[in-house]
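Below is one structure; the comments refer to it alone.
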Amino acid sequence: MRVRFIVLFLNIYSAALLASNPKSDDATPFVFEMEYDAIVVEETGPPANRQVGDIYLESETGFHSIISSEQFEGKITDVAQIVAEHSSVQIRETGGLGGFSTLSLRGSSGARLPIYLDGLLLNDSTFGGVDLSGLSLGQIEQIEIYRGIVPMVFSQASIGGAINIRTRRMNKPLTKISYGLGSFATQKLEGSYSSTLSNWDYMISGSYQQSQNNYPYLFNNGTQFNAADDYRTERKHNAFAQSNIKLVSRSKLSDGNRSLISLSLMDKRKELPTWNNSPTASVTLSSYKFEGSYKWLSAINDTTHASLTTGFRYHDETYDDKNAELGFSTRYIEYITQRRYVNFIVENYWKNYIFSVNSEIANDTFSPTDLLQKNKYADSYRWSGNLGAQMQSFYFKDKVVVTPAVRFYKDISRHAENILYDAQSIGNQHASAQIGLQWKVSPTVKLKNNYARYYRVPTFYELFADRGVSRGNPDLVPERGINIDAGFEWGQNYNKSNIKKIYFSSSVYQSNIKDVITWIYNSQGVGFPNNVSESKIRGLELDVGLETDSFVLDTTVNIENALIINKASSANRKQLPGHAFLSTRHSFNYNINPQFQYKLIFTTSIGKFYDSANVLPVNDQYRAGTTITWQHKRWRTDFEIRNLFDQESEDYYLNPLPGRALFFTLHYQGSPHK
Amino acid sequence: MFSFRCKVLSFKKYSIFVIPFLATGCIHDNISDDGVVVSDNVAVITTIQADRSGGAHALITVDEERTVTTEILPTNGSDLAMSASGNSFFRIDRTTASIQKFNADRPGTLVSEFSVAGNEEANPQDILLLNESKAYVFRRESNLVWIVNPSATVEEDYKIGEIDFSAYADPDGNSEPVSGLLVGDKLYVVLQNMEDQGSFVFVPHIAYVAVIDTTTDQQIDIDTLTDGIQAITLPIKNPYYIVYQESLGKIFVQAGGDTWPALDYTGGIAVIDVNDYSVDTLIDDNETTNSISNIAIISDTQAYFISYKNYQDNYLFEFNPSNGDYFAVSLPELDGKDLADIEVDIDGKLWIASFVEKGIYILDPAENEIEGSLIPTVFGPTDIEFVELPQTQE
């Protein structure tokens, strides 16, 4: 309570200080470039270019940022890299294109960071994480990052926020194609075609990318302290290939009613290198994903809009380590994860309120199969239901927005009998509330304050693991916590000078989490999860930018103190492993002339540790990347250098990251056609 | 000189900071050149963080003070073992198959580190010194025992030979030479033969102890009446620890049997007569002993083993090496805990590593009682060894 009072006081004080400064005659109300226009709440409902479930960013009380497709279109990279390069989100990678990586947002990562695709949760119930490298950038329109409070339209809250990946919507018939190649035998081909057929608008997109990922690095020969036997070599058995195809179709059913059908396929194969970089390594991870959904959008009346979505996701992964190269036993396992869901959202606009309800029922199944036929693994199932309600209220001519919301969650998880446990049935239910406040103190200043409760139910793996060195714990309870943040955004346009706009935002946040699920290992290396820890995360985010006629300069700074609280542990009051204390991002975009653009990005990651006791520091990372873009009519070429200073580093021990890399991409965008 | 009992010390990279700490109220006779409090004999212990995100080693003086220095030379490796011989000790990183050498008079300073992987997964388990220039490295995922020069200063001089036990391999192709023992000029090598059938299913096969002449590094035929070169066939499965009681002229081999998904009671303790290589079962494991892991011998009539019942559910048993009688040593500090290792110090006390509690208990065998309280090691202890300082250190 005391913290919230202090935060509120600081907000008021800061606002008063800023409001007391004389305004320039040229100052105009500030609008962030990437956001929607300010909504006009009328009884006639929302803007026509919006889908039910989209966030009204201008009135969103939480701190957020948007990365539009223009910033990554055609690039040879993946979603995780894009997010880390363009925001304060931290990344932890295993190395190379297509490799596993983890994003961390305000201290939450992995299973604790929900990632959505068009508003539908991607995190699976089995391990909780998301393989972002499996998404095709060509199918993405924008990436939305919500820090702290999670808008109610997303089914799960989180301590750190959420990421929503919005796929392309058909705006006009168009053809796009791009081809790129680069270091480490990397290639990418991507294209999309959209048109109209009778009453249907449709879009087909596809991509193929591959890389040998055979980047050079200094291998320590397994001797951490003896540099004399280190030698430079190429990363071996790290190749990757991935194909993505998507078909989206839209039709008008009647006045005010539309339907959307979406089908997508992903096929990926990744070689997994061993710690000793063996040239004869043979471990692979193959992944096949098939998804489909049907969405019905309806303007029920002038003030009420709804969407009903039903869909499925089928994901088949096969892990092949038949020579026991990445563990002490041979493994050849197939994991099939399926999700079926129905989601219903309704929004009602009435005078100064937008009332919305989001409900979802989902069924998740996890079916592992030991292809060596040595074990019979049991299947897991979960039925879950979410119900959320939000009332966004506007006061004082929309200067003040208050957004209270509540979520109700209930699930039941079942696990068939396995070698360790009898058949189990476990249920969870909880309600979590949140409230956000936004106050437009002046045309250039917004104050924001948010408070939210959070729950995370254990994954199937945490509950029911029954293989090798992992044993599940059916007695686990959900993690729970609260997060609070406060800050301000200031921005000013200058229409009569070379300077177009200046903006500055700052926020402080704190999250407290209890019953943190932590894997504890015995002396023989067998792990067992328990609700033993707490976490306290405090941080400061700063973002400052300057845009002129010829260049844009932006700097983001994030200082974060993410602590483990566990008096019985050597990690007590130590920083969460893999989380940087200080991370910064600086970007400089310069329009040399209407055809040439130069871009420089510089990121730092400082004060990170490999381990919980913080005795094993990760080398500070300083990375720069540059891109030169040439645009002529419908053609565009990008020449990019990544890791300009060729810094060698490891986010995970013995998983080196690539050094300097060069990429060249050629894009073509056709003229709109009928 | 008068000595105070000291608090637990955390070894820092810059050991000079330790000195002011000592000066503020903790005076000890012996401080190593790198700032670690030592005694004539010390316990060196590998320690692992609870979430397996890293490890280190700790040192405890074997004297009244029991001064502890922890977090010595932290490492990303989280599967560590310790071996000691003479005035040196070796920290074995099983994850990346490397062996790090330290000298007892500078226990925080690395002398050398070499890889013992070769072109295999290797998974080194132990190193046994014959002398300062010859040692044997035992490697689980292999048929080969490496012969190395522990005093080498460059990698090219480290490996000087190997002994091949592929003739004893189980169906997974490895004989798993996991440990060894020197008795005179003979090396006794435990060939574990736990077949990896995949998916963490390990099936125990007939296990052996091979006898090697250390002057030639050739196997000694223990049964000249049978064609071929024979090793000692063990009557127990999944062996690991091997210890020698000279006064009895007997070697004791511990075996855990199969423990997954349940205990199958094919293990126990076997005894080998070094005079004629005859072997017999001293203790056959059962529902009372559970799976037997780790053994430590106090005298001809008193020894101990750890009884593994289930995950983090272990117990301490005493047994008589002369006749195999055994009973549970029931103590609240030990019952149902994750007991990782037991070793005997030069004073005949039994040191017990309690992993989850992150510390060491010391048992007085005369009374079967714990002396004092848990000695904290900050990280979980997994492997205890004792090493002597060179005679010039006083």
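Chain lettering (A, B, ...) mirrors the order of the structure tokens, residue numbering begins at 1 for each chain separately, and ligand numbering begins at 1 in order of display.
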* Mind listing as a list in words which residues of chain A are within 6 Å of chain B, counting only C-alpha atoms? -> Gly222, Thr223, Asn226, Ser329, Thr330, Arg331, Gly468, Ile520, Tyr521, Ser523, Ser570 and Asp611 of chain A
* **Secondary structure check, strand (DSSP E or B) residues of range 426-580 of chain A, as a ChimeraX atom specification** => /A:426-442,445-456,466-467,470-471,479-493,499-521,527-548,551-565,574-575
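Each of B:Glu343, B:Asp164, B:Glu318, B:Asp126 was compared to Ala296 in chain B using only C-alpha atoms, and B:Glu343 turns out to be the nearest.
Residues surrounding Tyr304 in chain B within 9 Å are Asn294, Ile295, Ala296, Ile297, Ile298, Leu316, Phe317, Glu318, Phe319, Asn320, Tyr326, Ile342 and Leu350 of chain B [only C-alpha atoms; sequence separation below 3 positions excluded].
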Would you export the selected residues with C-alpha atoms as a PDB file, in the first residue's frame, please?
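Everything below was put into again34.pdb:
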ATOM      1  CA  ASN B 294      28.698 -45.555  -0.934  1.00  0.00           C
ATOM      2  CA  ILE B 295      30.783 -47.452   1.571  1.00  0.00           C
ATOM      3  CA  ALA B 296      33.389 -46.298   4.055  1.00  0.00           C
ATOM      4  CA  ILE B 297      35.523 -48.486   6.304  1.00  0.00           C
ATOM      5  CA  ILE B 298      36.590 -47.510   9.802  1.00  0.00           C
ATOM      6  CA  LEU B 316      22.995 -44.692   7.175  1.00  0.00           C
ATOM      7  CA  PHE B 317      23.820 -48.282   8.017  1.00  0.00           C
ATOM      8  CA  GLU B 318      26.747 -49.722   9.922  1.00  0.00           C
ATOM      9  CA  PHE B 319      28.177 -53.086   8.922  1.00  0.00           C
ATOM     10  CA  ASN B 320      30.943 -55.426  10.028  1.00  0.00           C
ATOM     11  CA  TYR B 326      24.606 -54.775   9.621  1.00  0.00           C
ATOM     12  CA  ILE B 342      30.481 -40.775   3.275  1.00  0.00           C
ATOM     13  CA  LEU B 350      32.842 -40.446   9.457  1.00  0.00           C
TER      14      LEU B 350
END
DSSP on the backbone: what in range 89-335 of chain B comes out helix (DSSP H, G or I), as a tab-separated table (two decimals) with N, CA and C atoms, in the first residue's frame?
chain	number	residue	atom	x	y	z
B	155	GLU	N	48.87	-29.94	-23.05
B	155	GLU	CA	47.93	-31.01	-23.39
B	155	GLU	C	48.62	-32.18	-24.08
B	156	GLU	N	49.62	-31.88	-24.89
B	156	GLU	CA	50.28	-32.96	-25.64
B	156	GLU	C	50.93	-33.99	-24.73
B	157	ASP	N	51.30	-33.58	-23.54
B	157	ASP	CA	51.99	-34.48	-22.61
B	157	ASP	C	51.04	-35.14	-21.63
B	166	SER	N	37.06	-53.29	-23.90
B	166	SER	CA	35.93	-53.57	-24.78
B	166	SER	C	35.56	-55.04	-24.79
B	167	ALA	N	36.47	-55.90	-24.39
B	167	ALA	CA	36.15	-57.34	-24.36
B	167	ALA	C	35.03	-57.64	-23.36
B	168	TYR	N	34.80	-56.71	-22.45
B	168	TYR	CA	33.77	-56.95	-21.43
B	168	TYR	C	32.51	-56.13	-21.67
* Selection: 6 Å around Ile269 in chain B, only C-alpha atoms, excl. self and same-chain fewer than 5 positions, as a ChimeraX atom specification -> /B:253-254,282-283
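One finds CA of Pro216 in chain A at 13.6 Å from CA of Leu662 in chain A.
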